[in-house]
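K.L.:
Okay, so here is input_36.cif, and as you'll see once you scroll down, it has mmCIF, C-alpha atoms.
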data_input
#
loop_
_atom_site.group_PDB
_atom_site.id
_atom_site.type_symbol
_atom_site.label_atom_id
_atom_site.label_comp_id
_atom_site.auth_asym_id
_atom_site.auth_seq_id
_atom_site.Cartn_x
_atom_site.Cartn_y
_atom_site.Cartn_z
ATOM 1 C CA MET A 1 105.034 119.878 154.237
ATOM 2 C CA TYR A 2 108.788 119.670 153.807
ATOM 3 C CA GLY A 3 111.327 121.273 156.135
ATOM 4 C CA THR A 4 113.619 123.863 154.538
ATOM 5 C CA SER A 5 116.613 121.538 154.010
ATOM 6 C CA GLU A 6 114.438 118.671 152.796
ATOM 7 C CA ARG A 7 112.558 121.082 150.526
ATOM 8 C CA LEU A 8 115.806 122.348 148.971
ATOM 9 C CA LEU A 9 116.888 118.798 148.172
ATOM 10 C CA ARG A 10 113.466 118.071 146.711
ATOM 11 C CA LEU A 11 113.632 121.272 144.620
ATOM 12 C CA LEU A 12 117.094 120.354 143.333
ATOM 13 C CA SER A 13 115.832 116.875 142.414
ATOM 14 C CA LEU A 14 112.898 118.352 140.472
ATOM 15 C CA LEU A 15 115.169 120.768 138.590
ATOM 16 C CA GLN A 16 117.388 117.858 137.578
ATOM 17 C CA ALA A 17 114.432 115.784 136.367
ATOM 18 C CA ARG A 18 113.158 118.245 133.742
ATOM 19 C CA ARG A 19 114.736 120.936 131.600
ATOM 20 C CA ASP A 20 112.212 123.726 132.330
ATOM 21 C CA TRP A 21 109.866 124.186 135.283
ATOM 22 C CA PRO A 22 107.136 126.845 135.555
ATOM 23 C CA GLY A 23 107.163 128.411 139.018
ATOM 24 C CA PRO A 24 103.568 127.413 139.859
ATOM 25 C CA ASP A 25 104.295 123.784 138.971
ATOM 26 C CA LEU A 26 107.261 123.705 141.342
ATOM 27 C CA ALA A 27 105.183 125.338 144.062
ATOM 28 C CA ASP A 28 102.463 122.719 143.596
ATOM 29 C CA ARG A 29 104.972 119.845 143.766
ATOM 30 C CA LEU A 30 106.560 121.241 146.935
ATOM 31 C CA GLY A 31 103.312 122.258 148.617
ATOM 32 C CA VAL A 32 104.342 125.906 149.018
ATOM 33 C CA ASP A 33 103.567 129.223 147.334
ATOM 34 C CA VAL A 34 105.482 130.750 144.418
ATOM 35 C CA ARG A 35 107.208 133.278 146.718
ATOM 36 C CA THR A 36 108.713 130.418 148.750
ATOM 37 C CA VAL A 37 109.965 128.826 145.546
ATOM 38 C CA ARG A 38 111.734 132.081 144.647
ATOM 39 C CA ARG A 39 113.395 132.184 148.077
ATOM 40 C CA ASP A 40 114.479 128.555 147.795
ATOM 41 C CA VAL A 41 115.936 129.212 144.350
ATOM 42 C CA GLU A 42 117.994 132.046 145.856
ATOM 43 C CA ARG A 43 119.206 129.639 148.572
ATOM 44 C CA LEU A 44 120.327 127.162 145.887
ATOM 45 C CA ARG A 45 122.141 129.946 144.068
ATOM 46 C CA GLY A 46 123.859 130.871 147.319
ATOM 47 C CA LEU A 47 125.095 127.278 147.537
ATOM 48 C CA GLY A 48 126.580 127.548 144.055
ATOM 49 C CA TYR A 49 123.857 125.983 141.906
ATOM 50 C CA PRO A 50 123.289 127.914 138.639
ATOM 51 C CA VAL A 51 119.486 128.138 138.582
ATOM 52 C CA HIS A 52 118.332 130.360 135.710
ATOM 53 C CA ALA A 53 114.996 132.176 135.824
ATOM 54 C CA THR A 54 112.814 133.379 132.952
ATOM 55 C CA PRO A 55 110.474 136.259 133.868
ATOM 56 C CA GLY A 56 106.918 136.725 132.656
ATOM 57 C CA VAL A 57 103.696 134.729 132.573
ATOM 58 C CA ALA A 58 105.352 131.801 130.768
ATOM 59 C CA GLY A 59 108.504 132.105 132.863
ATOM 60 C CA GLY A 60 110.069 129.475 135.022
ATOM 61 C CA TYR A 61 113.313 127.934 136.243
ATOM 62 C CA ARG A 62 116.063 125.859 134.699
ATOM 63 C CA LEU A 63 119.156 124.266 136.259
ATOM 64 C CA GLY A 64 122.124 125.382 134.173
ATOM 65 C CA ALA A 65 125.647 124.068 133.785
ATOM 66 C CA GLY A 66 128.052 125.224 136.467
ATOM 67 C CA ALA A 67 131.769 125.083 137.087
ATOM 68 C CA ALA A 68 131.360 121.864 139.080
ATOM 69 C CA LEU A 69 129.010 118.898 138.822
ATOM 70 C CA PRO A 70 126.257 119.262 141.434
ATOM 71 C CA PRO A 71 125.131 116.295 143.528
ATOM 72 C CA LEU A 72 122.855 114.083 141.456
ATOM 73 C CA LEU A 73 119.664 113.153 143.261
ATOM 74 C CA LEU A 74 118.121 109.851 142.141
ATOM 75 C CA ASP A 75 115.101 107.909 143.300
ATOM 76 C CA ASP A 76 115.439 104.167 143.991
ATOM 77 C CA ASP A 77 114.578 102.952 140.488
ATOM 78 C CA GLU A 78 116.808 105.583 138.860
ATOM 79 C CA ALA A 79 119.766 104.616 141.060
ATOM 80 C CA VAL A 80 119.376 100.916 140.199
ATOM 81 C CA ALA A 81 119.068 101.747 136.478
ATOM 82 C CA VAL A 82 122.249 103.859 136.540
ATOM 83 C CA ALA A 83 124.200 101.176 138.421
ATOM 84 C CA VAL A 84 123.123 98.425 136.020
ATOM 85 C CA GLY A 85 123.881 100.696 133.057
ATOM 86 C CA LEU A 86 127.394 101.381 134.351
ATOM 87 C CA ARG A 87 128.043 97.668 134.805
ATOM 88 C CA THR A 88 126.929 97.063 131.235
ATOM 89 C CA ALA A 89 129.044 99.952 129.924
ATOM 90 C CA ALA A 90 132.138 98.492 131.566
ATOM 91 C CA ASN A 91 131.950 95.630 129.051
ATOM 92 C CA GLY A 92 129.945 97.345 126.336
ATOM 93 C CA THR A 93 130.305 98.493 122.748
ATOM 94 C CA VAL A 94 131.696 101.977 123.494
ATOM 95 C CA SER A 95 135.485 102.114 123.825
ATOM 96 C CA GLY A 96 137.335 104.346 126.252
ATOM 97 C CA ILE A 97 134.684 104.395 129.003
ATOM 98 C CA GLU A 98 135.239 100.991 130.585
ATOM 99 C CA GLU A 99 137.579 102.228 133.358
ATOM 100 C CA THR A 100 135.524 105.404 133.844
ATOM 101 C CA SER A 101 132.366 103.323 134.196
ATOM 102 C CA VAL A 102 133.999 101.139 136.853
ATOM 103 C CA ARG A 103 135.118 104.208 138.838
ATOM 104 C CA ALA A 104 131.650 105.789 138.633
ATOM 105 C CA LEU A 105 130.041 102.495 139.657
ATOM 106 C CA ALA A 106 132.335 102.194 142.674
ATOM 107 C CA LYS A 107 131.343 105.692 143.822
ATOM 108 C CA LEU A 108 127.644 104.985 143.326
ATOM 109 C CA GLU A 109 127.649 101.616 145.112
ATOM 110 C CA GLN A 110 129.518 103.193 148.035
ATOM 111 C CA VAL A 111 126.561 105.477 148.804
ATOM 112 C CA LEU A 112 123.716 103.150 147.816
ATOM 113 C CA PRO A 113 121.427 102.111 150.698
ATOM 114 C CA ALA A 114 121.627 98.420 151.573
ATOM 115 C CA ARG A 115 118.214 97.713 150.038
ATOM 116 C CA LEU A 116 119.406 99.063 146.674
ATOM 117 C CA ARG A 117 122.806 97.351 146.806
ATOM 118 C CA HIS A 118 120.944 94.035 147.091
ATOM 119 C CA ARG A 119 118.832 94.883 144.023
ATOM 120 C CA VAL A 120 121.869 95.888 141.953
ATOM 121 C CA SER A 121 123.783 92.777 143.052
ATOM 122 C CA ALA A 122 120.821 90.569 142.132
ATOM 123 C CA VAL A 123 120.642 92.020 138.622
ATOM 124 C CA GLY A 124 124.415 91.882 138.218
ATOM 125 C CA SER A 125 124.665 88.255 139.284
ATOM 126 C CA ALA A 126 122.015 87.308 136.745
ATOM 127 C CA MET A 127 123.759 89.105 133.863
ATOM 128 C CA LEU A 128 126.242 87.365 131.599
ATOM 129 C CA GLN A 129 127.836 89.224 128.691
ATOM 130 C CA LEU A 130 129.604 87.600 125.794
ATOM 131 C CA GLY A 131 132.545 89.469 124.314
ATOM 132 C CA GLY A 132 133.060 90.133 120.645
ATOM 133 C CA GLY A 133 129.385 90.806 120.005
ATOM 134 C CA GLY A 134 129.950 93.679 117.624
ATOM 135 C CA PRO A 135 132.158 96.591 116.616
ATOM 136 C CA VAL A 136 133.377 99.005 119.284
ATOM 137 C CA VAL A 137 132.550 102.705 118.960
ATOM 138 C CA ASP A 138 134.918 105.445 120.124
ATOM 139 C CA ALA A 139 133.402 107.210 123.126
ATOM 140 C CA GLU A 140 134.533 110.679 122.022
ATOM 141 C CA ALA A 141 133.065 110.176 118.542
ATOM 142 C CA LEU A 142 129.779 109.140 120.130
ATOM 143 C CA THR A 143 129.578 112.085 122.535
ATOM 144 C CA VAL A 144 130.550 114.637 119.868
ATOM 145 C CA THR A 145 127.895 113.218 117.551
ATOM 146 C CA ALA A 146 125.262 113.214 120.288
ATOM 147 C CA ALA A 147 126.060 116.841 121.178
ATOM 148 C CA ALA A 148 125.752 117.855 117.512
ATOM 149 C CA CYS A 149 122.326 116.183 117.343
ATOM 150 C CA ARG A 150 121.242 118.069 120.448
ATOM 151 C CA ASP A 151 122.648 121.461 119.399
ATOM 152 C CA HIS A 152 121.721 121.209 115.678
ATOM 153 C CA GLU A 153 125.311 121.538 114.474
ATOM 154 C CA ARG A 154 126.587 120.195 111.174
ATOM 155 C CA LEU A 155 129.138 117.377 111.209
ATOM 156 C CA ARG A 156 131.934 116.589 108.782
ATOM 157 C CA PHE A 157 133.648 113.193 108.711
ATOM 158 C CA SER A 158 135.182 110.526 106.498
ATOM 159 C CA TYR A 159 132.992 107.459 106.144
ATOM 160 C CA ALA A 160 133.674 103.933 104.877
ATOM 161 C CA ASN A 161 130.694 102.121 103.353
ATOM 162 C CA HIS A 162 130.130 98.343 103.491
ATOM 163 C CA ALA A 163 132.493 97.885 100.520
ATOM 164 C CA GLY A 164 135.261 99.854 102.246
ATOM 165 C CA THR A 165 135.047 102.913 99.970
ATOM 166 C CA VAL A 166 135.870 106.077 101.945
ATOM 167 C CA THR A 167 134.120 109.366 101.190
ATOM 168 C CA ASP A 168 133.901 112.732 102.947
ATOM 169 C CA ARG A 169 130.448 113.585 104.277
ATOM 170 C CA ASP A 170 128.896 116.876 105.360
ATOM 171 C CA VAL A 171 125.667 116.173 107.251
ATOM 172 C CA GLU A 172 122.961 117.634 109.461
ATOM 173 C CA PRO A 173 122.656 115.086 112.299
ATOM 174 C CA LEU A 174 119.217 114.216 113.646
ATOM 175 C CA ARG A 175 119.429 111.289 116.065
ATOM 176 C CA LEU A 176 121.596 108.411 117.273
ATOM 177 C CA VAL A 177 119.923 104.997 117.292
ATOM 178 C CA CYS A 178 121.390 101.958 119.059
ATOM 179 C CA THR A 179 120.355 98.442 118.057
ATOM 180 C CA GLY A 180 122.063 96.936 121.097
ATOM 181 C CA ARG A 181 125.104 95.853 119.054
ATOM 182 C CA ARG A 182 125.689 98.832 116.779
ATOM 183 C CA TRP A 183 125.223 102.610 116.833
ATOM 184 C CA TYR A 184 123.676 104.402 113.846
ATOM 185 C CA LEU A 185 123.458 108.108 113.020
ATOM 186 C CA VAL A 186 120.405 109.373 111.130
ATOM 187 C CA ALA A 187 121.432 112.531 109.281
ATOM 188 C CA TYR A 188 120.632 114.606 106.199
ATOM 189 C CA ASP A 189 123.543 114.226 103.769
ATOM 190 C CA LEU A 190 124.077 117.648 102.179
ATOM 191 C CA GLY A 191 126.245 116.288 99.361
ATOM 192 C CA ARG A 192 123.714 113.631 98.365
ATOM 193 C CA GLU A 193 120.667 115.761 99.207
ATOM 194 C CA GLY A 194 118.864 113.075 101.154
ATOM 195 C CA TRP A 195 118.511 111.296 104.472
ATOM 196 C CA ARG A 196 121.131 108.648 105.213
ATOM 197 C CA THR A 197 121.895 106.180 108.001
ATOM 198 C CA PHE A 198 125.563 105.897 109.034
ATOM 199 C CA ARG A 199 127.185 103.236 111.194
ATOM 200 C CA VAL A 200 129.146 105.201 113.785
ATOM 201 C CA ASP A 201 131.930 102.615 113.955
ATOM 202 C CA ARG A 202 132.625 103.267 110.237
ATOM 203 C CA ILE A 203 133.272 106.972 110.847
ATOM 204 C CA ASP A 204 137.006 107.673 110.700
ATOM 205 C CA GLY A 205 138.097 109.410 113.895
ATOM 206 C CA VAL A 206 136.030 112.045 115.659
ATOM 207 C CA PRO A 207 133.496 114.017 113.567
ATOM 208 C CA ARG A 208 134.141 117.761 113.275
ATOM 209 C CA PRO A 209 131.257 120.035 114.353
ATOM 210 C CA GLY A 210 130.400 123.018 112.161
ATOM 211 C CA PHE A 211 127.728 125.660 111.696
ATOM 212 C CA ARG A 212 124.341 125.469 113.370
ATOM 213 C CA PHE A 213 121.366 124.619 111.177
ATOM 214 C CA THR A 214 117.572 124.730 111.270
ATOM 215 C CA PRO A 215 116.274 121.151 111.711
ATOM 216 C CA ARG A 216 114.459 119.616 108.757
ATOM 217 C CA GLU A 217 111.318 117.514 108.851
ATOM 218 C CA PRO A 218 112.430 114.003 109.993
ATOM 219 C CA PRO A 219 112.302 111.198 107.420
ATOM 220 C CA ALA A 220 109.801 109.301 109.598
ATOM 221 C CA ASP A 221 107.798 109.664 112.803
ATOM 222 C CA ASP A 222 109.234 106.394 114.133
ATOM 223 C CA LEU A 223 113.003 106.717 113.705
ATOM 224 C CA ALA A 224 113.682 103.302 115.234
ATOM 225 C CA ALA A 225 111.519 101.635 112.575
ATOM 226 C CA TYR A 226 113.101 103.839 109.899
ATOM 227 C CA VAL A 227 116.624 102.750 110.864
ATOM 228 C CA SER A 228 115.494 99.138 111.030
ATOM 229 C CA ARG A 229 114.214 99.374 107.443
ATOM 230 C CA GLN A 230 117.418 101.072 106.278
ATOM 231 C CA ILE A 231 119.792 98.526 107.772
ATOM 232 C CA SER A 232 117.718 95.369 107.292
ATOM 233 C CA ALA A 233 116.545 95.687 103.685
ATOM 234 C CA ALA A 234 117.784 98.777 101.838
ATOM 235 C CA PRO A 235 121.497 97.769 101.699
ATOM 236 C CA TYR A 236 120.763 94.406 100.057
ATOM 237 C CA ALA A 237 120.622 93.524 96.387
ATOM 238 C CA HIS A 238 117.348 91.593 96.764
ATOM 239 C CA GLN A 239 114.393 93.159 98.614
ATOM 240 C CA LEU A 240 111.859 90.798 100.133
ATOM 241 C CA THR A 241 108.345 91.296 101.529
ATOM 242 C CA VAL A 242 106.707 88.295 103.189
ATOM 243 C CA ARG A 243 103.165 88.080 104.599
ATOM 244 C CA VAL A 244 103.280 85.663 107.522
ATOM 245 C CA SER A 245 100.313 83.950 109.216
ATOM 246 C CA VAL A 246 101.259 84.831 112.769
ATOM 247 C CA PRO A 247 100.685 87.903 115.012
ATOM 248 C CA ALA A 248 103.286 90.627 114.603
ATOM 249 C CA ASP A 249 104.545 90.468 118.194
ATOM 250 C CA VAL A 250 105.238 86.732 117.867
ATOM 251 C CA LEU A 251 107.378 87.157 114.750
ATOM 252 C CA ALA A 252 109.051 90.319 116.053
ATOM 253 C CA ALA A 253 110.324 88.310 119.018
ATOM 254 C CA ARG A 254 112.240 86.114 116.536
ATOM 255 C CA VAL A 255 113.388 88.755 114.045
ATOM 256 C CA PRO A 256 115.969 91.301 115.287
ATOM 257 C CA PRO A 257 115.564 94.895 113.998
ATOM 258 C CA THR A 258 118.852 94.495 112.107
ATOM 259 C CA VAL A 259 117.345 91.632 110.084
ATOM 260 C CA GLY A 260 113.919 92.945 109.146
ATOM 261 C CA VAL A 261 110.946 95.143 109.946
ATOM 262 C CA VAL A 262 107.762 93.440 111.169
ATOM 263 C CA GLU A 263 104.480 95.274 110.533
ATOM 264 C CA PRO A 264 101.040 94.104 111.724
ATOM 265 C CA VAL A 265 98.389 93.396 109.062
ATOM 266 C CA ASP A 266 95.653 92.217 111.426
ATOM 267 C CA ASP A 267 95.423 90.291 114.709
ATOM 268 C CA HIS A 268 96.616 87.059 113.100
ATOM 269 C CA THR A 269 98.865 88.206 110.234
ATOM 270 C CA CYS A 270 101.949 90.380 109.816
ATOM 271 C CA ARG A 271 104.300 91.522 107.087
ATOM 272 C CA LEU A 272 108.083 91.163 107.154
ATOM 273 C CA ARG A 273 110.292 93.472 105.091
ATOM 274 C CA THR A 274 113.847 92.223 104.764
ATOM 275 C CA GLY A 275 116.560 91.626 102.174
ATOM 276 C CA SER A 276 119.447 89.420 101.124
ATOM 277 C CA HIS A 277 122.563 89.568 98.971
ATOM 278 C CA HIS A 278 122.071 85.934 97.932
ATOM 279 C CA LEU A 279 118.727 84.470 96.835
ATOM 280 C CA GLU A 280 119.838 80.922 97.608
ATOM 281 C CA ALA A 281 119.875 81.774 101.324
ATOM 282 C CA VAL A 282 116.271 83.045 101.422
ATOM 283 C CA PRO A 283 114.401 79.670 101.333
ATOM 284 C CA PHE A 284 116.415 78.312 104.239
ATOM 285 C CA TYR A 285 115.811 81.491 106.242
ATOM 286 C CA LEU A 286 112.048 81.233 105.664
ATOM 287 C CA ALA A 287 112.037 77.511 106.425
ATOM 288 C CA GLN A 288 113.157 78.051 110.019
ATOM 289 C CA TRP A 289 109.681 79.323 111.011
ATOM 290 C CA ASP A 290 106.748 77.026 111.623
ATOM 291 C CA TYR A 291 104.366 79.541 110.054
ATOM 292 C CA ASP A 292 102.588 79.729 106.708
ATOM 293 C CA PHE A 293 103.732 82.606 104.511
ATOM 294 C CA VAL A 294 103.263 84.259 101.112
ATOM 295 C CA VAL A 295 106.040 86.141 99.308
ATOM 296 C CA GLU A 296 104.692 89.441 97.989
ATOM 297 C CA ASP A 297 106.344 90.890 94.848
ATOM 298 C CA PRO A 298 109.063 88.183 94.869
ATOM 299 C CA PRO A 299 112.481 88.975 93.372
ATOM 300 C CA PRO A 300 113.062 87.309 89.968
ATOM 301 C CA GLY A 301 114.040 83.664 90.364
ATOM 302 C CA LEU A 302 112.965 83.289 93.980
ATOM 303 C CA LEU A 303 109.706 81.392 93.334
ATOM 304 C CA ASP A 304 111.458 78.866 91.078
ATOM 305 C CA ARG A 305 114.064 78.353 93.786
ATOM 306 C CA LEU A 306 111.366 77.852 96.441
ATOM 307 C CA ALA A 307 109.573 75.317 94.213
ATOM 308 C CA ARG A 308 112.758 73.321 93.529
ATOM 309 C CA ILE A 309 113.689 73.169 97.191
ATOM 310 C CA ALA A 310 110.114 72.194 98.155
ATOM 311 C CA GLN A 311 110.208 69.322 95.641
ATOM 312 C CA ARG A 312 113.576 68.199 96.939
ATOM 313 C CA PHE A 313 112.380 68.166 100.560
ATOM 314 C CA THR A 314 109.141 66.405 99.616
ATOM 315 C CA ALA A 315 111.085 63.725 97.741
ATOM 316 C CA ALA A 316 113.482 63.352 100.661
ATOM 317 C CA ALA A 317 110.593 62.922 103.122
ATOM 318 C CA ALA A 318 108.910 60.303 100.898
ATOM 319 C CA ALA A 319 112.141 58.354 100.381
ATOM 320 C CA SER A 320 113.038 58.475 104.057
ATOM 321 C CA GLY A 321 109.586 57.314 105.155
#
Just give me the structure as structure tokens.
P.N.:
Amino acid sequence: MYGTSERLLRLLSLLQARRDWPGPDLADRLGVDVRTVRRDVERLRGLGYPVHATPGVAGGYRLGAGAALPPLLLDDDEAVAVAVGLRTAANGTVSGIEETSVRALAKLEQVLPARLRHRVSAVGSAMLQLGGGGPVVDAEALTVTAAACRDHERLRFSYANHAGTVTDRDVEPLRLVCTGRRWYLVAYDLGREGWRTFRVDRIDGVPRPGFRFTPREPPADDLAAYVSRQISAAPYAHQLTVRVSVPADVLAARVPPTVGVVEPVDDHTCRLRTGSHHLEAVPFYLAQWDYDFVVEDPPPGLLDRLARIAQRFTAAAAASG
């Protein structure tokens, strides 16, 4: 059993961990009855925490937004994850949060127990980040977009495509997807009446939120795979599907999601979907793997190019031997 003060901290931690909590579930976690939970909720309210209650059989509790940020209660693994994330953000791909991340990290490390400071320091000392790895995204644009995804609000913005052509877009945002180097917005484009994937760094300024909307059926169950297909093959003039004689996880370790989508065929074979603007580059890309492969539905001219290069390499090997 928890003491009253310890139980209040535990209750606050549980309310921060999940959006909605049924009263009986909280009582079970705390080892008390539902009446005690109600009293503890009133104590938290007396301390200034905005805990909202929903009456009825399906009712429960939710920690709302207040005038001030309440203390954030983290377990050991969560605290280490936040500290490492802040260190990464200080040199990351989102502009305008570097100094803020450093200040937040300083506050967090000040209160970390010694055992956790050692863990954070160990991870930090092993990390090395190279600059210039990709475009930088405006922090305000990212947070406004994320809020619109959460609240189902339309967004309007000017967008430059890969050719630099700028158009105005009115969209229903669904989800932000990060590849590690770039941020993408999956949204339903109202003007083009279809789902589109937008690079956030190509959005001019901060998107403007608009009316709320009823969410549509997503374009795919796996949005990460959907974005990977959109950015790795769809934008290119030549689409390419290759069946490779290697397990999917082995090839996926060598093919970033921005380059292609790897799908398992069986335990020993997978399929790669990718694309290229220039056919002459494809043979040399395929040649870097030490795996057998078959090109399915090859683009016109690709097989002739593969045959010519194979003959040239064969002749070179014979002459050099």
K.L.:
Could you list the residues chosen by the PyMOL selection byres ((chain A and resi 250) around 12) in this structure as a list in words?
P.N.:
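This file gives the following for the PyMOL selection byres ((chain A and resi 250) around 12): Val244, Ser245, Val246, Pro247, Ala248, Asp249, Leu251, Ala252, Ala253, Arg254, Val255, Pro256, Val262, Glu263, Pro264, Asp267, His268, Thr269, Cys270, Arg271, Leu272, Trp289, Asp290 and Tyr291 of chain A.
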K.L.:
I'd like the residues picked by the PyMOL selection byres ((chain A and resi 284) around 12) written out as a list in words, using the chain letters and numbers from the file.
P.N.:
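With the shown file as input, the PyMOL selection byres ((chain A and resi 284) around 12) matches Ser276, His278, Leu279, Glu280, Ala281, Val282, Pro283, Tyr285, Leu286, Ala287, Gln288, Trp289, Leu302, Arg305, Leu306, Ile309, Ala310 and Phe313 of chain A.
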K.L.:
Have a look at A:Ala141, A:Leu240, A:Ala79, A:Leu74 and name the one nearest to Arg117 (chain A); count all atoms listed in the file.
P.N.:
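With all atoms listed in the file as the atom set, the closest residue is A:Ala79.
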K.L.:
Run the PyMOL selection byres ((chain A and resi 219) around 12) against the file shown and list the residues it catches, as a PDB file with C-alpha atoms, in the coordinates of the input.
P.N.:
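Result written to selection.pdb:
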ATOM      1  CA  LEU A 174     119.217 114.216 113.646  1.00  0.00           C
ATOM      2  CA  ARG A 175     119.429 111.289 116.065  1.00  0.00           C
ATOM      3  CA  VAL A 186     120.405 109.373 111.130  1.00  0.00           C
ATOM      4  CA  ALA A 187     121.432 112.531 109.281  1.00  0.00           C
ATOM      5  CA  TYR A 188     120.632 114.606 106.199  1.00  0.00           C
ATOM      6  CA  GLY A 194     118.864 113.075 101.154  1.00  0.00           C
ATOM      7  CA  TRP A 195     118.511 111.296 104.472  1.00  0.00           C
ATOM      8  CA  ARG A 196     121.131 108.648 105.213  1.00  0.00           C
ATOM      9  CA  THR A 197     121.895 106.180 108.001  1.00  0.00           C
ATOM     10  CA  PRO A 215     116.274 121.151 111.711  1.00  0.00           C
ATOM     11  CA  ARG A 216     114.459 119.616 108.757  1.00  0.00           C
ATOM     12  CA  GLU A 217     111.318 117.514 108.851  1.00  0.00           C
ATOM     13  CA  PRO A 218     112.430 114.003 109.993  1.00  0.00           C
ATOM     14  CA  ALA A 220     109.801 109.301 109.598  1.00  0.00           C
ATOM     15  CA  ASP A 221     107.798 109.664 112.803  1.00  0.00           C
ATOM     16  CA  ASP A 222     109.234 106.394 114.133  1.00  0.00           C
ATOM     17  CA  LEU A 223     113.003 106.717 113.705  1.00  0.00           C
ATOM     18  CA  ALA A 224     113.682 103.302 115.234  1.00  0.00           C
ATOM     19  CA  ALA A 225     111.519 101.635 112.575  1.00  0.00           C
ATOM     20  CA  TYR A 226     113.101 103.839 109.899  1.00  0.00           C
ATOM     21  CA  VAL A 227     116.624 102.750 110.864  1.00  0.00           C
ATOM     22  CA  ARG A 229     114.214  99.374 107.443  1.00  0.00           C
ATOM     23  CA  GLN A 230     117.418 101.072 106.278  1.00  0.00           C
TER      24      GLN A 230
END
K.L.:
Record the distance separating CA of His238 (chain A) and CA of Arg169 (chain A), expressed in Å with one decimal.
P.N.:
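Between CA of His238 (chain A) and CA of Arg169 (chain A) the gap works out to 26.7 Å.
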K.L.:
May I ask for the distance between CA of Arg115 (chain A) and CA of Leu86 (chain A), given in Å to one decimal place?
P.N.:
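Rounded to one decimal, the two atoms are 18.5 Å apart.
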K.L.:
At what distance in Å, to one decimal, does CA of Ala160 (chain A) lie from CA of Ile231 (chain A)?
P.N.:
15.2 Å
K.L.:
For Arg29 (chain A), which residue among A:Arg10, A:Gly205, A:Val137, A:Leu47 is the nearest when counting only C-alpha atoms?
P.N.:
A:Arg10
K.L.:
With distances taken over only C-alpha atoms, which of A:Pro257, A:Pro173, A:Pro113, A:Pro207 is nearest to Ala139 (chain A)?
P.N.:
A:Pro207
K.L.:
Draw an axis-aligned box over all listed atoms of region 150-168 of chain A, pad each side with 6 Å, and write its centre and edge lengths in Å, one decimal, as lines of an AutoDock Vina configuration file.
P.N.:
center_x = 128.6
center_y = 109.7
center_z = 110.2
size_x = 26.6
size_y = 35.7
size_z = 32.5
K.L.:
At a cut-off of 12 Å, using only C-alpha atoms, what residues contact Leu108 (chain A)? Leave out same-chain residues fewer than 5 positions from it and give the result as number ranges by chain.
P.N.:
A: 71-74, 78-87, 101-103, 113, 116-117, 120
K.L.:
Reconstruct N, CA, C and O atoms of region 27-36 of chain A; output as a PDB file, in the frame of the given file.
P.N.:
ATOM      1  N   ALA A  27     105.872 125.044 142.804  1.00  0.00           N
ATOM      2  CA  ALA A  27     105.183 125.338 144.062  1.00  0.00           C
ATOM      3  C   ALA A  27     104.176 124.246 144.394  1.00  0.00           C
ATOM      4  O   ALA A  27     104.056 123.823 145.560  1.00  0.00           O
ATOM      5  N   ASP A  28     103.457 123.775 143.383  1.00  0.00           N
ATOM      6  CA  ASP A  28     102.463 122.719 143.596  1.00  0.00           C
ATOM      7  C   ASP A  28     103.130 121.422 144.036  1.00  0.00           C
ATOM      8  O   ASP A  28     102.633 120.730 144.933  1.00  0.00           O
ATOM      9  N   ARG A  29     104.259 121.079 143.394  1.00  0.00           N
ATOM     10  CA  ARG A  29     104.972 119.845 143.766  1.00  0.00           C
ATOM     11  C   ARG A  29     105.508 119.918 145.201  1.00  0.00           C
ATOM     12  O   ARG A  29     105.560 118.896 145.892  1.00  0.00           O
ATOM     13  N   LEU A  30     105.942 121.105 145.616  1.00  0.00           N
ATOM     14  CA  LEU A  30     106.560 121.241 146.935  1.00  0.00           C
ATOM     15  C   LEU A  30     105.554 121.580 148.030  1.00  0.00           C
ATOM     16  O   LEU A  30     105.904 121.557 149.214  1.00  0.00           O
ATOM     17  N   GLY A  31     104.325 121.917 147.632  1.00  0.00           N
ATOM     18  CA  GLY A  31     103.312 122.258 148.617  1.00  0.00           C
ATOM     19  C   GLY A  31     103.530 123.606 149.264  1.00  0.00           C
ATOM     20  O   GLY A  31     103.206 123.796 150.456  1.00  0.00           O
ATOM     21  N   VAL A  32     104.093 124.555 148.501  1.00  0.00           N
ATOM     22  CA  VAL A  32     104.342 125.906 149.018  1.00  0.00           C
ATOM     23  C   VAL A  32     103.821 126.910 147.996  1.00  0.00           C
ATOM     24  O   VAL A  32     103.300 126.543 146.942  1.00  0.00           O
ATOM     25  N   ASP A  33     103.977 128.215 148.293  1.00  0.00           N
ATOM     26  CA  ASP A  33     103.567 129.223 147.334  1.00  0.00           C
ATOM     27  C   ASP A  33     104.743 129.602 146.436  1.00  0.00           C
ATOM     28  O   ASP A  33     105.889 129.210 146.685  1.00  0.00           O
ATOM     29  N   VAL A  34     104.456 130.373 145.398  1.00  0.00           N
ATOM     30  CA  VAL A  34     105.482 130.750 144.418  1.00  0.00           C
ATOM     31  C   VAL A  34     106.575 131.593 145.065  1.00  0.00           C
ATOM     32  O   VAL A  34     107.752 131.486 144.696  1.00  0.00           O
ATOM     33  N   ARG A  35     106.201 132.440 146.055  1.00  0.00           N
ATOM     34  CA  ARG A  35     107.208 133.278 146.718  1.00  0.00           C
ATOM     35  C   ARG A  35     108.234 132.417 147.444  1.00  0.00           C
ATOM     36  O   ARG A  35     109.438 132.714 147.423  1.00  0.00           O
ATOM     37  N   THR A  36     107.777 131.318 148.063  1.00  0.00           N
ATOM     38  CA  THR A  36     108.713 130.418 148.750  1.00  0.00           C
ATOM     39  C   THR A  36     109.648 129.751 147.752  1.00  0.00           C
ATOM     40  O   THR A  36     110.831 129.560 148.030  1.00  0.00           O
TER      41      THR A  36
END
